[in-house]
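Source file: data.cif. Holds: mmCIF, C-alpha atoms and all ligand atoms.
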```cif
data_target
#
loop_
_atom_site.group_PDB
_atom_site.id
_atom_site.type_symbol
_atom_site.label_atom_id
_atom_site.label_comp_id
_atom_site.auth_asym_id
_atom_site.auth_seq_id
_atom_site.Cartn_x
_atom_site.Cartn_y
_atom_site.Cartn_z
ATOM 1 C CA MET A 146 2.134 -16.458 -2.512
ATOM 2 C CA HIS A 147 2.002 -16.694 1.287
ATOM 3 C CA LYS A 148 4.825 -17.898 3.493
ATOM 4 C CA PRO A 149 4.535 -20.147 6.548
ATOM 5 C CA SER A 150 3.837 -18.075 9.643
ATOM 6 C CA PRO A 151 6.472 -17.885 12.361
ATOM 7 C CA PRO A 152 5.187 -18.449 15.919
ATOM 8 C CA LEU A 153 3.238 -15.529 17.334
ATOM 9 C CA GLU A 154 4.602 -13.437 20.127
ATOM 10 C CA GLY A 155 1.295 -11.955 21.232
ATOM 11 C CA PRO A 156 0.815 -11.234 24.930
ATOM 12 C CA ASP A 157 -2.143 -13.529 25.341
ATOM 13 C CA ALA A 158 -4.015 -16.317 23.573
ATOM 14 C CA PHE A 159 -6.960 -14.032 23.039
ATOM 15 C CA GLN A 160 -4.919 -11.660 20.918
ATOM 16 C CA ASP A 161 -3.225 -14.488 19.024
ATOM 17 C CA GLN A 162 -6.612 -15.899 18.062
ATOM 18 C CA ILE A 163 -8.062 -12.678 16.662
ATOM 19 C CA ARG A 164 -7.872 -12.728 12.874
ATOM 20 C CA ILE A 165 -8.298 -9.508 10.908
ATOM 21 C CA VAL A 166 -9.674 -10.431 7.470
ATOM 22 C CA LEU A 167 -9.703 -7.886 4.627
ATOM 23 C CA VAL A 168 -11.841 -8.780 1.618
ATOM 24 C CA GLU A 169 -10.709 -7.700 -1.870
ATOM 25 C CA THR A 170 -8.927 -4.547 -0.777
ATOM 26 C CA SER A 171 -8.251 -2.355 -3.812
ATOM 27 C CA HIS A 172 -5.693 0.097 -2.392
ATOM 28 C CA SER A 173 -2.645 -1.731 -1.110
ATOM 29 C CA GLY A 174 -1.690 1.330 0.937
ATOM 30 C CA ASN A 175 -4.734 0.559 3.085
ATOM 31 C CA ILE A 176 -3.344 -2.926 3.742
ATOM 32 C CA GLY A 177 -0.157 -1.343 5.077
ATOM 33 C CA ALA A 178 -2.146 1.098 7.215
ATOM 34 C CA VAL A 179 -4.129 -1.831 8.626
ATOM 35 C CA ALA A 180 -0.897 -3.668 9.521
ATOM 36 C CA ARG A 181 0.275 -0.574 11.371
ATOM 37 C CA ALA A 182 -3.053 -0.182 13.192
ATOM 38 C CA MET A 183 -2.890 -3.835 14.255
ATOM 39 C CA LYS A 184 0.695 -3.758 15.463
ATOM 40 C CA ASN A 185 0.058 -0.592 17.506
ATOM 41 C CA MET A 186 -2.617 -2.548 19.352
ATOM 42 C CA GLN A 187 -0.458 -5.715 19.582
ATOM 43 C CA LEU A 188 -2.442 -7.814 17.124
ATOM 44 C CA ALA A 189 -0.671 -9.828 14.439
ATOM 45 C CA ASN A 190 -2.952 -12.112 12.407
ATOM 46 C CA LEU A 191 -3.785 -10.505 9.084
ATOM 47 C CA TRP A 192 -5.580 -12.436 6.332
ATOM 48 C CA LEU A 193 -6.113 -11.004 2.863
ATOM 49 C CA VAL A 194 -8.830 -12.370 0.608
ATOM 50 C CA ASN A 195 -7.966 -11.796 -3.045
ATOM 51 C CA PRO A 196 -6.286 -8.384 -2.661
ATOM 52 C CA LYS A 197 -5.947 -6.362 -5.864
ATOM 53 C CA SER A 198 -2.213 -5.852 -5.366
ATOM 54 C CA PHE A 199 -0.120 -7.428 -2.607
ATOM 55 C CA PRO A 200 2.684 -7.497 -1.613
ATOM 56 C CA ASP A 201 3.850 -4.242 -3.144
ATOM 57 C CA GLU A 202 5.694 -1.028 -2.408
ATOM 58 C CA ALA A 203 2.653 0.986 -1.337
ATOM 59 C CA SER A 204 1.615 -1.551 1.297
ATOM 60 C CA TYR A 205 5.097 -1.695 2.833
ATOM 61 C CA ALA A 206 5.470 2.117 2.698
ATOM 62 C CA ARG A 207 2.234 2.645 4.654
ATOM 63 C CA ALA A 208 3.021 -0.120 7.153
ATOM 64 C CA ALA A 209 5.951 1.918 8.507
ATOM 65 C CA GLY A 210 7.510 -0.369 11.162
ATOM 66 C CA ALA A 211 4.812 -3.003 10.878
ATOM 67 C CA SER A 212 6.264 -4.824 7.885
ATOM 68 C CA ASP A 213 6.519 -8.032 9.938
ATOM 69 C CA ILE A 214 2.698 -8.154 9.996
ATOM 70 C CA LEU A 215 2.695 -7.927 6.185
ATOM 71 C CA ASP A 216 5.457 -10.563 5.889
ATOM 72 C CA ARG A 217 3.352 -13.073 7.736
ATOM 73 C CA ALA A 218 -0.041 -12.045 6.292
ATOM 74 C CA LYS A 219 -1.911 -14.953 4.715
ATOM 75 C CA VAL A 220 -3.248 -14.416 1.221
ATOM 76 C CA VAL A 221 -6.199 -16.607 0.218
ATOM 77 C CA SER A 222 -8.523 -16.512 -2.745
ATOM 78 C CA THR A 223 -11.901 -16.924 -1.018
ATOM 79 C CA LEU A 224 -13.530 -15.740 2.180
ATOM 80 C CA ASP A 225 -14.452 -19.364 2.962
ATOM 81 C CA GLU A 226 -10.751 -20.244 3.210
ATOM 82 C CA ALA A 227 -10.182 -17.431 5.689
ATOM 83 C CA LEU A 228 -13.111 -18.504 7.859
ATOM 84 C CA GLU A 229 -13.006 -22.283 7.654
ATOM 85 C CA ASP A 230 -11.375 -23.024 11.026
ATOM 86 C CA CYS A 231 -12.943 -20.080 12.883
ATOM 87 C CA VAL A 232 -15.469 -20.498 15.676
ATOM 88 C CA MET A 233 -16.901 -16.978 15.443
ATOM 89 C CA VAL A 234 -17.170 -14.438 12.640
ATOM 90 C CA LEU A 235 -17.942 -10.748 13.073
ATOM 91 C CA GLY A 236 -18.423 -8.697 9.908
ATOM 92 C CA THR A 237 -18.301 -4.931 9.714
ATOM 93 C CA SER A 238 -20.762 -2.783 7.859
ATOM 94 C CA ALA A 239 -21.230 0.942 7.452
ATOM 95 C CA ARG A 240 -24.922 0.583 6.634
ATOM 96 C CA GLY A 241 -27.993 -1.585 7.372
ATOM 97 C CA ARG A 242 -28.910 -4.431 4.995
ATOM 98 C CA LYS A 243 -32.057 -6.002 3.615
ATOM 99 C CA ILE A 244 -32.390 -8.818 6.152
ATOM 100 C CA PRO A 245 -31.595 -7.350 9.578
ATOM 101 C CA TRP A 246 -28.836 -9.318 11.323
ATOM 102 C CA PRO A 247 -27.676 -9.150 14.953
ATOM 103 C CA VAL A 248 -25.689 -5.893 15.152
ATOM 104 C CA VAL A 249 -23.306 -4.949 17.966
ATOM 105 C CA PRO A 250 -21.261 -1.806 18.579
ATOM 106 C CA PRO A 251 -17.445 -2.093 18.810
ATOM 107 C CA PRO A 252 -17.052 -2.518 22.612
ATOM 108 C CA GLU A 253 -19.584 -5.383 22.746
ATOM 109 C CA ALA A 254 -18.020 -6.888 19.636
ATOM 110 C CA ALA A 255 -14.640 -6.900 21.389
ATOM 111 C CA VAL A 256 -16.120 -8.801 24.340
ATOM 112 C CA ILE A 257 -17.748 -11.356 22.019
ATOM 113 C CA ALA A 258 -14.466 -11.776 20.134
ATOM 114 C CA ALA A 259 -12.441 -12.168 23.333
ATOM 115 C CA GLU A 260 -14.850 -14.676 24.865
ATOM 116 C CA ASN A 261 -14.965 -16.837 21.760
ATOM 117 C CA SER A 262 -11.217 -16.674 21.203
ATOM 118 C CA GLN A 263 -10.887 -19.126 24.092
ATOM 119 C CA ALA A 264 -12.478 -21.746 21.811
ATOM 120 C CA GLY A 265 -10.614 -21.061 18.556
ATOM 121 C CA PRO A 266 -9.853 -18.431 15.919
ATOM 122 C CA VAL A 267 -12.233 -15.472 15.705
ATOM 123 C CA ALA A 268 -12.475 -13.474 12.462
ATOM 124 C CA LEU A 269 -13.211 -9.777 12.171
ATOM 125 C CA VAL A 270 -14.077 -9.195 8.524
ATOM 126 C CA PHE A 271 -13.707 -5.874 6.688
ATOM 127 C CA GLY A 272 -14.993 -5.067 3.214
ATOM 128 C CA ARG A 273 -13.948 -3.384 0.006
ATOM 129 C CA GLU A 274 -13.269 0.352 -0.035
ATOM 130 C CA ASN A 275 -15.880 1.031 -2.716
ATOM 131 C CA HIS A 276 -18.790 -1.196 -1.706
ATOM 132 C CA GLY A 277 -18.057 -2.966 1.555
ATOM 133 C CA LEU A 278 -19.066 -6.624 2.061
ATOM 134 C CA SER A 279 -21.731 -8.307 -0.088
ATOM 135 C CA ASN A 280 -24.919 -9.627 1.503
ATOM 136 C CA ASP A 281 -23.668 -13.202 1.022
ATOM 137 C CA GLU A 282 -20.448 -12.360 2.833
ATOM 138 C CA LEU A 283 -22.338 -10.660 5.654
ATOM 139 C CA HIS A 284 -24.572 -13.722 5.979
ATOM 140 C CA ARG A 285 -21.480 -15.769 6.832
ATOM 141 C CA CYS A 286 -21.132 -13.714 10.016
ATOM 142 C CA HIS A 287 -22.630 -14.422 13.420
ATOM 143 C CA TYR A 288 -22.756 -10.703 14.210
ATOM 144 C CA HIS A 289 -22.396 -7.441 12.348
ATOM 145 C CA ILE A 290 -20.378 -4.624 13.847
ATOM 146 C CA HIS A 291 -21.449 -1.091 13.130
ATOM 147 C CA ILE A 292 -19.253 1.802 14.203
ATOM 148 C CA PRO A 293 -21.845 4.438 15.138
ATOM 149 C CA SER A 294 -20.538 7.131 12.810
ATOM 150 C CA ASN A 295 -22.335 10.197 11.397
ATOM 151 C CA PRO A 296 -25.493 8.760 9.762
ATOM 152 C CA ASP A 297 -25.069 11.238 6.895
ATOM 153 C CA TYR A 298 -21.444 10.229 6.325
ATOM 154 C CA SER A 299 -21.093 6.783 7.830
ATOM 155 C CA SER A 300 -18.295 5.149 5.887
ATOM 156 C CA LEU A 301 -14.835 5.248 7.509
ATOM 157 C CA ASN A 302 -11.575 4.601 5.723
ATOM 158 C CA LEU A 303 -10.890 0.851 5.922
ATOM 159 C CA SER A 304 -7.798 1.158 8.131
ATOM 160 C CA MET A 305 -9.591 3.580 10.486
ATOM 161 C CA ALA A 306 -12.384 1.037 10.940
ATOM 162 C CA VAL A 307 -9.799 -1.675 11.676
ATOM 163 C CA GLN A 308 -8.040 0.698 14.094
ATOM 164 C CA ILE A 309 -11.240 1.226 16.084
ATOM 165 C CA MET A 310 -11.832 -2.498 16.482
ATOM 166 C CA CYS A 311 -8.206 -3.215 17.390
ATOM 167 C CA TYR A 312 -8.320 -0.392 19.938
ATOM 168 C CA GLU A 313 -11.446 -1.856 21.559
ATOM 169 C CA LEU A 314 -9.740 -5.233 21.822
ATOM 170 C CA ARG A 315 -6.670 -3.603 23.307
ATOM 171 C CA MET A 316 -8.713 -1.696 25.895
ATOM 172 C CA LEU A 317 -10.482 -4.871 26.893
ATOM 173 C CA TYR A 318 -7.183 -6.680 27.263
ATOM 174 C CA LEU A 319 -5.664 -3.884 29.374
ATOM 175 C CA ARG A 320 -8.740 -3.544 31.608
ATOM 176 C CA ASN A 321 -8.548 -7.221 32.185
ATOM 177 C CA LEU A 322 -4.883 -7.094 33.137
ATOM 178 C CA GLU A 323 -5.477 -4.196 35.528
ATOM 179 C CA THR A 324 -8.258 -5.883 37.405
ATOM 180 C CA GLY A 325 -6.220 -9.076 37.622
ATOM 181 C CA GLU A 326 -9.081 -11.017 36.122
ATOM 182 C CA GLY A 327 -7.205 -12.488 33.213
ATOM 183 C CA SER A 328 -9.688 -15.270 32.797
ATOM 184 C CA HIS A 329 -12.890 -13.707 34.060
ATOM 185 C CA TYR A 330 -14.537 -14.225 30.671
ATOM 186 C CA LEU A 331 -14.360 -17.920 31.218
ATOM 187 C CA LYS A 332 -16.490 -18.088 34.318
ATOM 188 C CA PRO A 333 -19.972 -17.715 32.890
ATOM 189 C CA MET A 334 -20.809 -20.797 30.833
ATOM 190 C CA THR A 335 -23.674 -20.338 28.407
ATOM 191 C CA ALA A 336 -22.548 -21.729 25.073
ATOM 192 C CA PRO A 337 -19.981 -23.878 23.233
ATOM 193 C CA GLY A 338 -16.538 -22.413 23.622
ATOM 194 C CA ASP A 339 -17.146 -21.408 27.253
ATOM 195 C CA ASP A 340 -14.895 -23.032 29.824
ATOM 196 C CA GLY A 341 -16.596 -26.221 31.005
ATOM 197 C CA TRP A 342 -18.779 -26.809 27.916
ATOM 198 C CA ASP A 343 -18.595 -30.527 27.142
ATOM 199 C CA VAL A 344 -18.153 -30.434 23.342
ATOM 200 C CA PRO A 345 -15.905 -28.165 21.234
ATOM 201 C CA ALA A 346 -17.546 -25.309 19.319
ATOM 202 C CA ALA A 347 -18.302 -26.069 15.669
ATOM 203 C CA LYS A 348 -15.889 -24.606 13.113
ATOM 204 C CA VAL A 349 -17.203 -22.497 10.250
ATOM 205 C CA GLY A 350 -16.233 -25.215 7.742
ATOM 206 C CA ASP A 351 -18.417 -27.794 9.569
ATOM 207 C CA VAL A 352 -21.323 -25.391 9.786
ATOM 208 C CA GLU A 353 -21.034 -24.600 6.061
ATOM 209 C CA GLY A 354 -21.147 -28.363 5.345
ATOM 210 C CA PHE A 355 -24.336 -28.521 7.419
ATOM 211 C CA TYR A 356 -25.909 -25.607 5.488
ATOM 212 C CA SER A 357 -25.199 -27.331 2.152
ATOM 213 C CA HIS A 358 -26.672 -30.560 3.501
ATOM 214 C CA LEU A 359 -29.721 -28.688 4.840
ATOM 215 C CA GLU A 360 -30.281 -26.896 1.541
ATOM 216 C CA GLN A 361 -29.994 -30.162 -0.380
ATOM 217 C CA THR A 362 -32.419 -31.904 1.992
ATOM 218 C CA LEU A 363 -34.980 -29.099 1.779
ATOM 219 C CA HIS A 364 -34.669 -29.370 -1.964
ATOM 220 C CA ASP A 365 -35.066 -33.188 -1.861
ATOM 221 C CA VAL A 366 -38.312 -32.883 0.109
ATOM 222 C CA ASP A 367 -39.541 -30.047 -2.159
ATOM 223 C CA PHE A 368 -39.642 -27.502 0.651
ATOM 224 C CA HIS A 369 -36.992 -25.268 -0.854
ATOM 225 C CA ARG A 370 -37.269 -24.428 -4.502
ATOM 226 C CA ARG A 371 -34.032 -23.084 -5.956
ATOM 227 C CA ASP A 372 -35.981 -21.171 -8.594
ATOM 228 C CA ASN A 373 -37.937 -19.390 -5.821
ATOM 229 C CA PRO A 374 -35.669 -19.314 -2.752
ATOM 230 C CA ARG A 375 -37.326 -16.357 -0.911
ATOM 231 C CA GLN A 376 -34.259 -15.815 1.287
ATOM 232 C CA LEU A 377 -34.971 -19.104 3.041
ATOM 233 C CA MET A 378 -31.312 -20.093 3.434
ATOM 234 C CA SER A 379 -30.333 -16.637 4.690
ATOM 235 C CA ARG A 380 -33.030 -16.796 7.343
ATOM 236 C CA LEU A 381 -32.015 -20.330 8.366
ATOM 237 C CA ARG A 382 -28.366 -19.236 8.566
ATOM 238 C CA ARG A 383 -29.360 -16.396 10.848
ATOM 239 C CA LEU A 384 -31.304 -18.807 13.058
ATOM 240 C CA PHE A 385 -28.488 -21.375 13.391
ATOM 241 C CA GLN A 386 -25.806 -18.732 13.837
ATOM 242 C CA ARG A 387 -27.758 -17.324 16.766
ATOM 243 C CA ALA A 388 -27.797 -20.804 18.277
ATOM 244 C CA LYS A 389 -23.977 -21.203 18.240
ATOM 245 C CA LEU A 390 -23.767 -24.914 17.525
ATOM 246 C CA ASP A 391 -21.200 -27.309 18.944
ATOM 247 C CA GLN A 392 -19.607 -30.155 16.958
ATOM 248 C CA MET A 393 -21.901 -32.843 18.324
ATOM 249 C CA GLU A 394 -24.985 -30.778 17.564
ATOM 250 C CA ILE A 395 -23.796 -30.482 13.973
ATOM 251 C CA ASN A 396 -23.417 -34.255 13.795
ATOM 252 C CA ILE A 397 -26.901 -34.769 15.266
ATOM 253 C CA LEU A 398 -28.472 -32.318 12.818
ATOM 254 C CA ARG A 399 -26.703 -33.942 9.902
ATOM 255 C CA GLY A 400 -27.848 -37.345 11.123
ATOM 256 C CA VAL A 401 -31.428 -36.035 11.145
ATOM 257 C CA LEU A 402 -30.998 -34.662 7.616
ATOM 258 C CA SER A 403 -29.603 -37.977 6.358
ATOM 259 C CA ALA A 404 -32.603 -39.792 7.883
ATOM 260 C CA VAL A 405 -35.003 -37.346 6.225
ATOM 261 C CA GLN A 406 -33.239 -37.808 2.884
ATOM 262 C CA LYS A 407 -33.381 -41.561 3.276
ATOM 263 C CA ALA A 408 -37.099 -41.475 4.067
ATOM 264 C CA ALA A 409 -37.615 -39.229 1.031
ATOM 265 C CA GLY A 410 -35.690 -41.707 -1.099
ATOM 266 C CA ALA A 411 -32.999 -39.151 -1.906
ATOM 267 C CA SER A 412 -30.005 -40.182 0.189
ATOM 268 C CA GLY A 413 -26.524 -41.163 -0.865
ATOM 269 C CA ASN A 414 -26.302 -39.571 -4.243
ATOM 270 C CA ASN A 415 -26.214 -35.830 -3.769
ATOM 271 C CA LYS A 416 -23.145 -33.646 -3.922
ATOM 272 C CA SER A 417 -23.637 -31.719 -0.713
ATOM 273 C CA THR A 418 -23.715 -34.728 1.590
ATOM 274 C CA GLN A 419 -20.639 -36.172 -0.077
ATOM 275 C CA ALA A 420 -18.754 -32.877 0.039
ATOM 276 C CA GLY A 421 -19.107 -32.338 3.744
ATOM 277 C CA ASN A 422 -19.680 -35.641 5.482
ATOM 278 C CA PRO A 423 -19.380 -35.613 9.265
ATOM 279 C CA PRO A 424 -16.540 -37.735 10.714
ATOM 280 C CA ALA A 425 -16.919 -41.520 10.287
ATOM 281 C CA GLY A 426 -19.031 -43.134 12.946
ATOM 282 C CA GLN A 427 -20.701 -39.876 13.958
ATOM 283 C CA ASP A 428 -22.927 -39.299 10.996
ATOM 284 C CA ASP A 429 -25.956 -40.989 12.470
ATOM 285 C CA GLY A 430 -26.286 -38.292 15.116
ATOM 286 C CA HIS A 431 -26.572 -40.843 17.940
ATOM 287 C CA VAL A 432 -25.061 -39.601 21.163
HETATM 288 N N1 LIG B 501 -19.039 2.191 0.765
HETATM 289 C C1 LIG B 501 -19.012 1.024 1.559
HETATM 290 C C2 LIG B 501 -18.155 1.226 2.781
HETATM 291 C C3 LIG B 501 -16.789 0.775 2.538
HETATM 292 S S1 LIG B 501 -15.709 1.300 3.774
HETATM 293 C C4 LIG B 501 -20.401 0.671 2.014
HETATM 294 O O1 LIG B 501 -21.294 1.456 1.871
HETATM 295 O O2 LIG B 501 -20.588 -0.436 2.526
HETATM 296 C C5 LIG B 501 -14.644 -0.114 3.843
HETATM 297 C C6 LIG B 501 -14.873 -0.991 5.022
HETATM 298 O O3 LIG B 501 -14.579 -0.281 6.241
HETATM 299 C C7 LIG B 501 -16.283 -1.523 5.224
HETATM 300 O O4 LIG B 501 -16.559 -2.634 4.406
HETATM 301 C C8 LIG B 501 -16.219 -1.918 6.671
HETATM 302 O O5 LIG B 501 -15.472 -3.095 6.794
HETATM 303 C C9 LIG B 501 -15.410 -0.779 7.288
HETATM 304 N N2 LIG B 501 -16.257 0.320 7.760
HETATM 305 C C10 LIG B 501 -16.301 1.589 7.285
HETATM 306 N N3 LIG B 501 -17.181 2.323 7.987
HETATM 307 C C11 LIG B 501 -17.716 1.519 8.915
HETATM 308 C C12 LIG B 501 -18.686 1.682 9.947
HETATM 309 N N4 LIG B 501 -19.286 2.835 10.169
HETATM 310 N N5 LIG B 501 -18.966 0.626 10.739
HETATM 311 C C13 LIG B 501 -18.366 -0.578 10.542
HETATM 312 N N6 LIG B 501 -17.450 -0.784 9.590
HETATM 313 C C14 LIG B 501 -17.114 0.237 8.784
#
```
Produce structure tokens that represent the structure in this file.
Amino acid sequence: MHKPSPPLEGPDAFQDQIRIVLVETSHSGNIGAVARAMKNMQLANLWLVNPKSFPDEASYARAAGASDILDRAKVVSTLDEALEDCVMVLGTSARGRKIPWPVVPPPEAAVIAAENSQAGPVALVFGRENHGLSNDELHRCHYHIHIPSNPDYSSLNLSMAVQIMCYELRMLYLRNLETGEGSHYLKPMTAPGDDGWDVPAAKVGDVEGFYSHLEQTLHDVDFHRRDNPRQLMSRLRRLFQRAKLDQMEINILRGVLSAVQKAAGASGNNKSTQAGNPPAGQDDGHV
């Protein structure tokens, strides 16, 4: 359904790397309104996860002059596909959830997105009109963004929420141009993805492979019982997402897991380790 994307003409790598991801949008008019909101703020990467109807007349009608954003939008069937090569994921939510997650307001979220965009694609994820993002989807995010709206009427129209985030990114970009500090984000170095860090930041796909391996290992050693999970994996996800792993750290952790599985007599024959093996020669975690 989706066409190959032509090269981007964004003003700066940071804007090219920002990916707006809409999950299971039901009203295609909202998709068009999102495209318009993005183009106004000079963003161009739109990903659609399993939209109810797209492309169609309503989406193009609401996009006004932003039909080029719709033409090059990528349609995928799962959120995992949209996030796989990303280094940072920020999910939006109109309300608090059961397990509290790191929450940032839009201006801070824009800074986090801009900083991480130096290392690879950054996804901003928006939910369904009727019930937002599921807990599982929100647990795939490093941060949650909450637009501090009226607590008694907190839910914005989808495209308005996208507009606010795109505006914050735009303001950050313009402030940066004005002060002539086009690369000032790069100077502090605290984590993978920062200029000067020795190993590339881990991609979401690698981290997901690690989570499957971790879950399988915890199961093999009888720590994690699938019939009584007690939110263990969600809490471990939150821990590792706070840590912002790099690719070598993933390999080390997976090496540790393989050693644990071996010692427990469970290695080599489970699906999760086969599905997401680290690159050949690096799976022992030796550095
Ligand atoms: N009824 C849903 C809200 C859906 S609004 C719920 O209670 O979760 C559609 C989408 O717009 C949300 O999934 C989110 O991506 C975005 N959105 C709406 N209001 C928001 C807010 N106050 N802060 C952050 N995102 C918001």
For chain A versus ligand LIG 501 (chain B), which residues have an atom no more than 6 Å away, and what is each residue's nearest atom pair and distance in Å rounded to one decimal, using only C-alpha atoms and all ligand atoms, chain-then-number order, as JSON lines?
```
{"residue": "A:Thr237", "atom": "CA", "partner": "B:LIG501", "partner_atom": "N6", "distance": 4.2}
{"residue": "A:Ser238", "atom": "CA", "partner": "B:LIG501", "partner_atom": "C13", "distance": 4.2}
{"residue": "A:Ala239", "atom": "CA", "partner": "B:LIG501", "partner_atom": "C12", "distance": 3.6}
{"residue": "A:Phe271", "atom": "CA", "partner": "B:LIG501", "partner_atom": "O5", "distance": 3.3}
{"residue": "A:Gly272", "atom": "CA", "partner": "B:LIG501", "partner_atom": "O4", "distance": 3.1}
{"residue": "A:Arg273", "atom": "CA", "partner": "B:LIG501", "partner_atom": "C5", "distance": 5.1}
{"residue": "A:Glu274", "atom": "CA", "partner": "B:LIG501", "partner_atom": "C5", "distance": 4.1}
{"residue": "A:Asn275", "atom": "CA", "partner": "B:LIG501", "partner_atom": "N1", "distance": 4.8}
{"residue": "A:His276", "atom": "CA", "partner": "B:LIG501", "partner_atom": "C1", "distance": 4.0}
{"residue": "A:Gly277", "atom": "CA", "partner": "B:LIG501", "partner_atom": "O4", "distance": 3.2}
{"residue": "A:Leu278", "atom": "CA", "partner": "B:LIG501", "partner_atom": "O4", "distance": 5.3}
{"residue": "A:Ile290", "atom": "CA", "partner": "B:LIG501", "partner_atom": "C13", "distance": 5.6}
{"residue": "A:His291", "atom": "CA", "partner": "B:LIG501", "partner_atom": "N5", "distance": 3.9}
{"residue": "A:Ile292", "atom": "CA", "partner": "B:LIG501", "partner_atom": "N5", "distance": 3.7}
{"residue": "A:Pro293", "atom": "CA", "partner": "B:LIG501", "partner_atom": "N4", "distance": 5.8}
{"residue": "A:Ser294", "atom": "CA", "partner": "B:LIG501", "partner_atom": "N4", "distance": 5.2}
{"residue": "A:Ser299", "atom": "CA", "partner": "B:LIG501", "partner_atom": "N4", "distance": 4.9}
{"residue": "A:Ser300", "atom": "CA", "partner": "B:LIG501", "partner_atom": "N3", "distance": 3.7}
{"residue": "A:Leu301", "atom": "CA", "partner": "B:LIG501", "partner_atom": "N3", "distance": 3.8}
{"residue": "A:Asn302", "atom": "CA", "partner": "B:LIG501", "partner_atom": "S1", "distance": 5.6}
{"residue": "A:Leu303", "atom": "CA", "partner": "B:LIG501", "partner_atom": "O3", "distance": 3.9}
{"residue": "A:Ala306", "atom": "CA", "partner": "B:LIG501", "partner_atom": "N2", "distance": 5.1}
```
**Message:** To one decimal place in Å, what is the distance between CA of Asn175 (chain A) and CA of Leu224 (chain A)?
**Reply:** 18.5 Å
**Message:** Going by the chain IDs and residue numbers used in this file, which residues fall under the PyMOL selection byres (((chain A and resi 215) around 9) and not hetatm)? Write them as a PyMOL selection string.
**Reply:** chain A and resi 176-177+180+191+200+204-205+208+211-214+216-219
Atoms kept (C-alpha atoms) for selection, written as a PDB file, in the coordinates of the input:
```pdb
ATOM      1  CA  ILE A 176      -3.344  -2.926   3.742  1.00  0.00           C
ATOM      2  CA  GLY A 177      -0.157  -1.343   5.077  1.00  0.00           C
ATOM      3  CA  ALA A 180      -0.897  -3.668   9.521  1.00  0.00           C
ATOM      4  CA  LEU A 191      -3.785 -10.505   9.084  1.00  0.00           C
ATOM      5  CA  PRO A 200       2.684  -7.497  -1.613  1.00  0.00           C
ATOM      6  CA  SER A 204       1.615  -1.551   1.297  1.00  0.00           C
ATOM      7  CA  TYR A 205       5.097  -1.695   2.833  1.00  0.00           C
ATOM      8  CA  ALA A 208       3.021  -0.120   7.153  1.00  0.00           C
ATOM      9  CA  ALA A 211       4.812  -3.003  10.878  1.00  0.00           C
ATOM     10  CA  SER A 212       6.264  -4.824   7.885  1.00  0.00           C
ATOM     11  CA  ASP A 213       6.519  -8.032   9.938  1.00  0.00           C
ATOM     12  CA  ILE A 214       2.698  -8.154   9.996  1.00  0.00           C
ATOM     13  CA  ASP A 216       5.457 -10.563   5.889  1.00  0.00           C
ATOM     14  CA  ARG A 217       3.352 -13.073   7.736  1.00  0.00           C
ATOM     15  CA  ALA A 218      -0.041 -12.045   6.292  1.00  0.00           C
ATOM     16  CA  LYS A 219      -1.911 -14.953   4.715  1.00  0.00           C
TER      17      LYS A 219
END
```
**Request:** Identify all residues satisfying the PyMOL selection byres (((chain A and resi 253) around 12) and not hetatm) in the given file; provide them as an MDAnalysis selection string.
**Result:** chainID A and resid 235 247:252 254:260 288:292 310 313:314 316:317
**Item:** Residues near Tyr356 (chain A), cut-off 12 Å, only C-alpha atoms, skip fewer than 2 positions along chain, as an MDAnalysis selection string
**Value:** chainID A and resid 284:285 349:354 358:363 377:386 395 398:399 402 417:418 420:422
**Request:** Apply the PyMOL selection byres (((chain A and resi 392) around 7) and not hetatm) to the displayed file and report the matching residues as a VMD selection string.
**Result:** chain A and resid 344 to 347 390 to 391 393 to 396
Return as JSON the box centre and box size in Å, one decimal, for an axis-aligned box around all listed atoms of region 354-367 of chain A padded by 4 Å per side.
```
{"center_x": -30.3, "center_y": -29.4, "center_z": 2.6, "size_x": 26.4, "size_y": 15.6, "size_z": 17.6}
```
**Message:** Given all atoms listed in the file as the basis, pick out the residue of A:Val267, A:Met183, A:Ile397, A:Val166 nearest to Glu282 (chain A).
**Reply:** A:Val166
**Request:** Show which residues sit within 7 Å of Pro196 (chain A), as a list of chain:residue names. Count all atoms listed in the file, and ignore same-chain residues fewer than 4 positions away.
**Result:** A:Glu169, A:Thr170, A:Ser171
Can you spit out the residues from that selection as a PDB file, in the coordinates of the input, using C-alpha atoms?
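Result file follows (result.pdb):
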```pdb
ATOM      1  CA  GLU A 169     -10.709  -7.700  -1.870  1.00  0.00           C
ATOM      2  CA  THR A 170      -8.927  -4.547  -0.777  1.00  0.00           C
ATOM      3  CA  SER A 171      -8.251  -2.355  -3.812  1.00  0.00           C
TER       4      SER A 171
END
```
**Message:** One decimal, in Å: what's the spacing between CA of Pro245 (chain A) and CA of Gln263 (chain A)?
**Reply:** 27.9 Å
**Asked** In Å to one decimal, how far is CA of Ser403 (chain A) from CA of Asp372 (chain A)?
**Response**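 Taking CA of Asp372 (chain A) and CA of Ser403 (chain A), their separation equals 23.4 Å.
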**Asked** Using all atoms listed in the file, which of the listed residues (A:Arg387, A:Pro296, A:Leu188, A:Asn195) sits closest to Ser173 (chain A)?
**Response**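 Between A:Arg387, A:Pro296, A:Leu188, A:Asn195, the residue approaching Ser173 (chain A) most closely is A:Asn195.
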**Request:** Compile the contact shell of Ala268 (chain A) as number ranges by chain: residues with an atom at most 7 Å away, counting all atoms listed in the file, same-chain residues fewer than 5 positions apart removed.
**Result:** A: 163-166, 228, 231, 233-235
**Distance criterion (all atoms listed in the file): nearest to Ile244 (chain A) out of A:Arg207, A:Arg370, A:Arg375, A:Arg181** =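 Smallest separation from Ile244 (chain A) among the options: A:Arg375.
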